[in-house]
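Peer 1: Structure in structure tokens, see below.
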Amino acid sequence: MNATVKDVMSTHVIAVRQDATFKEMATRLREHHISAFPVLDNANKVIGVVSEADLLTKEALADEFTGAFHAMTHHREQVKAAALTAADLMTRPAVTIRPDEPVTQAARLMYAKRVKRLPVTTEDGTLIGIVSRADVLSVYGRPDADIRHEITQRLILETYLCEPSHFTVTVKDGIVTIEGAPDTTSVGRDIIESAKHVEGVVAVRDRLSYPSAGHHTPSPMS
């Protein structure tokens, strides 16, 4: 039901070989209007990533390795400033993702690793695509009508075997409001929780009328 990385990734990837020169990399970044690219070995395996920040290190630090600054500057930054090829400059290992991983996992990786894009690789490390932050966020462009249909038909009717006419589901700008009377408190809460994980949902507002025997605590997303 939910989008995977292969659904949103781009298969047109700008990459460089490990022997690419500094000048070649700087030129390609500018020509293609990208901020980073994967570095490949001769078997098209991803072995690292070079970003514009890596390239900027040379310009920023090249003339500063003297005196106190030399002692204070991290060794890794010094090495990058002196680098002449992708193999010397790249960050390794590259943070990659598999094509069958959910888009949510790509988002978590980008957030945790503070990266803007992820090379998509097969199990053996072969490059097959790239996924960006914009690609990940594209799932929130799903039409409200599609979200409503999935919650009404796939969740309420098919998954929880409830009569859809007993519920009113409205969706506006990805925000879902569910009203109605579930048979049990447990079923109602399960519907609300499942709705939060439907692709494209920004938030869920719980407006269900729970059976009096079950005390209802408002959802954190209400």
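A note on labels: chains of the structure tokens are A, B, ... as shown, every chain counts residues from 1, and ligands are counted from 1 in their shown order.
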Among chain A, which residues carry a DSSP assignment of strand (DSSP E), reported as a tab-separated table (two decimals) with N, CA and C atoms, in the first residue's frame?

Peer 2:
```
chain	number	residue	atom	x	y	z
A	16	VAL	N	30.35	9.79	-10.58
A	16	VAL	CA	31.73	9.89	-11.07
A	16	VAL	C	32.51	8.65	-10.66
A	17	ARG	N	33.58	8.39	-11.39
A	17	ARG	CA	34.49	7.31	-11.03
A	17	ARG	C	35.44	7.78	-9.95
A	36	ALA	N	25.56	16.90	-4.84
A	36	ALA	CA	26.42	15.75	-4.49
A	36	ALA	C	26.22	14.67	-5.53
A	37	PHE	N	27.19	13.75	-5.59
A	37	PHE	CA	27.01	12.58	-6.45
A	37	PHE	C	27.76	11.38	-5.90
A	38	PRO	N	27.28	10.17	-6.25
A	38	PRO	CA	27.95	8.95	-5.81
A	38	PRO	C	29.28	8.76	-6.55
A	39	VAL	N	30.19	8.09	-5.89
A	39	VAL	CA	31.46	7.72	-6.50
A	39	VAL	C	31.44	6.21	-6.73
A	40	LEU	N	31.78	5.78	-7.96
A	40	LEU	CA	31.70	4.37	-8.34
A	40	LEU	C	33.07	3.78	-8.59
A	46	VAL	N	28.83	1.50	-5.53
A	46	VAL	CA	28.97	2.78	-4.82
A	46	VAL	C	29.98	2.62	-3.70
A	47	ILE	N	31.02	3.43	-3.74
A	47	ILE	CA	32.06	3.34	-2.70
A	47	ILE	C	32.17	4.61	-1.87
A	48	GLY	N	31.43	5.63	-2.24
A	48	GLY	CA	31.47	6.87	-1.47
A	48	GLY	C	30.59	7.93	-2.11
A	49	VAL	N	30.61	9.12	-1.51
A	49	VAL	CA	29.83	10.25	-2.02
A	49	VAL	C	30.68	11.50	-1.91
A	50	VAL	N	30.65	12.31	-2.95
A	50	VAL	CA	31.31	13.62	-2.93
A	50	VAL	C	30.23	14.69	-2.98
A	51	SER	N	30.29	15.65	-2.06
A	51	SER	CA	29.32	16.73	-2.02
A	51	SER	C	30.00	18.05	-2.33
A	117	ARG	N	20.38	13.43	-0.15
A	117	ARG	CA	19.99	12.41	-1.12
A	117	ARG	C	20.68	11.10	-0.79
A	118	LEU	N	20.09	10.01	-1.26
A	118	LEU	CA	20.63	8.68	-0.99
A	118	LEU	C	20.80	7.91	-2.30
A	119	PRO	N	21.99	7.37	-2.57
A	119	PRO	CA	22.13	6.46	-3.70
A	119	PRO	C	21.30	5.20	-3.43
A	120	VAL	N	20.64	4.72	-4.45
A	120	VAL	CA	19.84	3.50	-4.34
A	120	VAL	C	20.63	2.38	-4.97
A	121	THR	N	20.85	1.30	-4.23
A	121	THR	CA	21.70	0.23	-4.70
A	121	THR	C	21.02	-1.13	-4.57
A	127	LEU	N	24.84	0.63	-8.25
A	127	LEU	CA	24.00	1.82	-8.29
A	127	LEU	C	22.88	1.65	-9.31
A	128	ILE	N	21.62	1.91	-8.89
A	128	ILE	CA	20.49	1.82	-9.81
A	128	ILE	C	19.62	3.08	-9.79
A	129	GLY	N	19.89	4.01	-8.88
A	129	GLY	CA	19.07	5.21	-8.82
A	129	GLY	C	19.51	6.11	-7.69
A	130	ILE	N	18.75	7.19	-7.52
A	130	ILE	CA	19.02	8.11	-6.41
A	130	ILE	C	17.70	8.69	-5.94
A	131	VAL	N	17.59	8.91	-4.64
A	131	VAL	CA	16.36	9.46	-4.07
A	131	VAL	C	16.74	10.70	-3.26
A	132	SER	N	16.00	11.78	-3.49
A	132	SER	CA	16.28	13.06	-2.84
A	132	SER	C	15.22	13.37	-1.79
A	167	PHE	N	-19.35	5.53	9.35
A	167	PHE	CA	-18.26	6.48	9.59
A	167	PHE	C	-18.32	7.60	8.55
A	168	THR	N	-17.83	8.74	8.96
A	168	THR	CA	-17.65	9.85	8.03
A	168	THR	C	-16.17	10.20	8.00
A	169	VAL	N	-15.58	10.04	6.82
A	169	VAL	CA	-14.15	10.32	6.66
A	169	VAL	C	-13.99	11.52	5.74
A	170	THR	N	-13.37	12.56	6.24
A	170	THR	CA	-13.08	13.72	5.42
A	170	THR	C	-11.57	13.95	5.40
A	171	VAL	N	-11.08	14.41	4.24
A	171	VAL	CA	-9.64	14.66	4.09
A	171	VAL	C	-9.46	16.01	3.42
A	172	LYS	N	-8.68	16.86	4.05
A	172	LYS	CA	-8.36	18.17	3.47
A	172	LYS	C	-6.89	18.47	3.69
A	175	ILE	N	-4.97	16.15	5.86
A	175	ILE	CA	-5.40	16.00	7.26
A	175	ILE	C	-6.72	15.24	7.28
A	176	VAL	N	-6.73	14.11	7.96
A	176	VAL	CA	-7.88	13.21	7.98
A	176	VAL	C	-8.69	13.41	9.25
A	177	THR	N	-10.01	13.52	9.10
A	177	THR	CA	-10.92	13.56	10.25
A	177	THR	C	-11.86	12.37	10.13
A	178	ILE	N	-11.92	11.55	11.18
A	178	ILE	CA	-12.77	10.37	11.18
A	178	ILE	C	-13.82	10.50	12.27
A	179	GLU	N	-15.09	10.46	11.85
A	179	GLU	CA	-16.21	10.51	12.77
A	179	GLU	C	-17.01	9.22	12.64
A	180	GLY	N	-17.79	8.92	13.65
A	180	GLY	CA	-18.61	7.72	13.60
A	180	GLY	C	-18.62	6.98	14.91
A	203	ALA	N	-1.87	14.20	9.14
A	203	ALA	CA	-2.32	14.06	10.53
A	203	ALA	C	-3.71	13.44	10.54
A	204	VAL	N	-4.09	12.87	11.69
A	204	VAL	CA	-5.40	12.25	11.83
A	204	VAL	C	-6.10	12.86	13.05
A	205	ARG	N	-7.34	13.33	12.84
A	205	ARG	CA	-8.15	13.87	13.93
A	205	ARG	C	-9.20	12.83	14.32
A	206	ASP	N	-9.11	12.39	15.54
A	206	ASP	CA	-10.01	11.35	16.06
A	206	ASP	C	-11.28	12.00	16.61
A	207	ARG	N	-12.38	11.81	15.89
A	207	ARG	CA	-13.67	12.35	16.33
A	207	ARG	C	-14.69	11.22	16.49
A	208	LEU	N	-14.23	10.05	16.80
A	208	LEU	CA	-15.10	8.90	16.98
A	208	LEU	C	-15.88	8.98	18.29
```

Peer 1: May I have all residues of range 20-154 of chain A that DSSP, computed from the backbone, assigns to helix (DSSP H, G or I), given as a PyMOL selection string?

Peer 2: chain A and resi 22-32+52-61+67-72+75-82+86-89+103-113+133-141+144-154

Peer 1: Quick one: residues within 12 Å of Thr4 in chain A, only C-alpha atoms, excluding same-chain residues fewer than 6 positions away - as a PDB file with C-alpha atoms, in the first residue's frame?

Peer 2:
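Written output follows (around_10.pdb):
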```pdb
ATOM      1  CA  ILE A  97      19.283   2.459   0.558  1.00  0.00           C
ATOM      2  CA  ARG A  98      17.648  -0.498  -1.207  1.00  0.00           C
ATOM      3  CA  PRO A  99      14.857   0.054  -3.763  1.00  0.00           C
ATOM      4  CA  ASP A 100      12.282  -1.998  -1.838  1.00  0.00           C
ATOM      5  CA  GLU A 101      12.650  -0.026   1.391  1.00  0.00           C
ATOM      6  CA  PRO A 102       9.654   2.163   2.312  1.00  0.00           C
ATOM      7  CA  VAL A 103       9.925   5.882   1.637  1.00  0.00           C
ATOM      8  CA  THR A 104       9.598   6.456   5.378  1.00  0.00           C
ATOM      9  CA  GLN A 105      12.883   4.609   5.911  1.00  0.00           C
ATOM     10  CA  ALA A 106      14.581   6.885   3.383  1.00  0.00           C
ATOM     11  CA  ALA A 107      13.270   9.889   5.310  1.00  0.00           C
ATOM     12  CA  VAL A 120      19.837   3.497  -4.336  1.00  0.00           C
ATOM     13  CA  VAL A 131      16.362   9.465  -4.067  1.00  0.00           C
ATOM     14  CA  ASP A 135      11.333  12.661  -3.849  1.00  0.00           C
ATOM     15  CA  VAL A 136      10.583  11.532  -0.297  1.00  0.00           C
ATOM     16  CA  SER A 138       6.410  13.774  -2.969  1.00  0.00           C
ATOM     17  CA  VAL A 139       4.194  11.182  -1.227  1.00  0.00           C
ATOM     18  CA  GLU A 199       0.491   7.152   2.428  1.00  0.00           C
TER      19      GLU A 199
END
```

Peer 1: Can you list, as a PyMOL selection string, every protein, DNA or RNA residue that comes within 7 Å of range 185-194 of chain A when you count only C-alpha atoms, leaving out same-chain residues fewer than 6 positions away?

Peer 2: chain A and resi 155-156+206+210-211+214

Peer 1: In Å, with one decimal, what is the gap from CA of Asp19 in chain A to CA of Ala87 in chain A?

Peer 2: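 Spanning CA of Asp19 in chain A to CA of Ala87 in chain A is a straight-line distance of 6.3 Å.
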
Peer 1: A:Ile147, A:Cys162, A:Leu56, A:Val95: which is nearest His197 in chain A, counting only C-alpha atoms?

Peer 2: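 Looking only at the distances to His197 in chain A, the closest residue turns out to be A:Ile147.
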
Peer 1: Which of these residues is nearest to Pro182 in chain A, using only C-alpha atoms: A:Val201, A:Leu55, A:Val8, A:Leu157?

Peer 2: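 Residue with the minimum atom-to-atom distance to Pro182 in chain A: A:Leu157.
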
Peer 1: Rounded to one decimal, what separation in Å do you get between CA of Ala43 in chain A and CA of Thr126 in chain A?

Peer 2: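 Going from CA of Ala43 in chain A over to CA of Thr126 in chain A, I get 7.7 Å.
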
Peer 1: Which residue is closest to Asp88 in chain A? Choose from A:Asp41, A:Glu52, A:Ala181, A:Thr21 and count only C-alpha atoms.

Peer 2: A:Thr21

Peer 1: Given only C-alpha atoms as the basis, pick out the residue of A:Arg142, A:Thr152, A:Thr85, A:Ser209 nearest to Asn2 in chain A.

Peer 2: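 Closest residue, counting only C-alpha atoms: A:Arg142.
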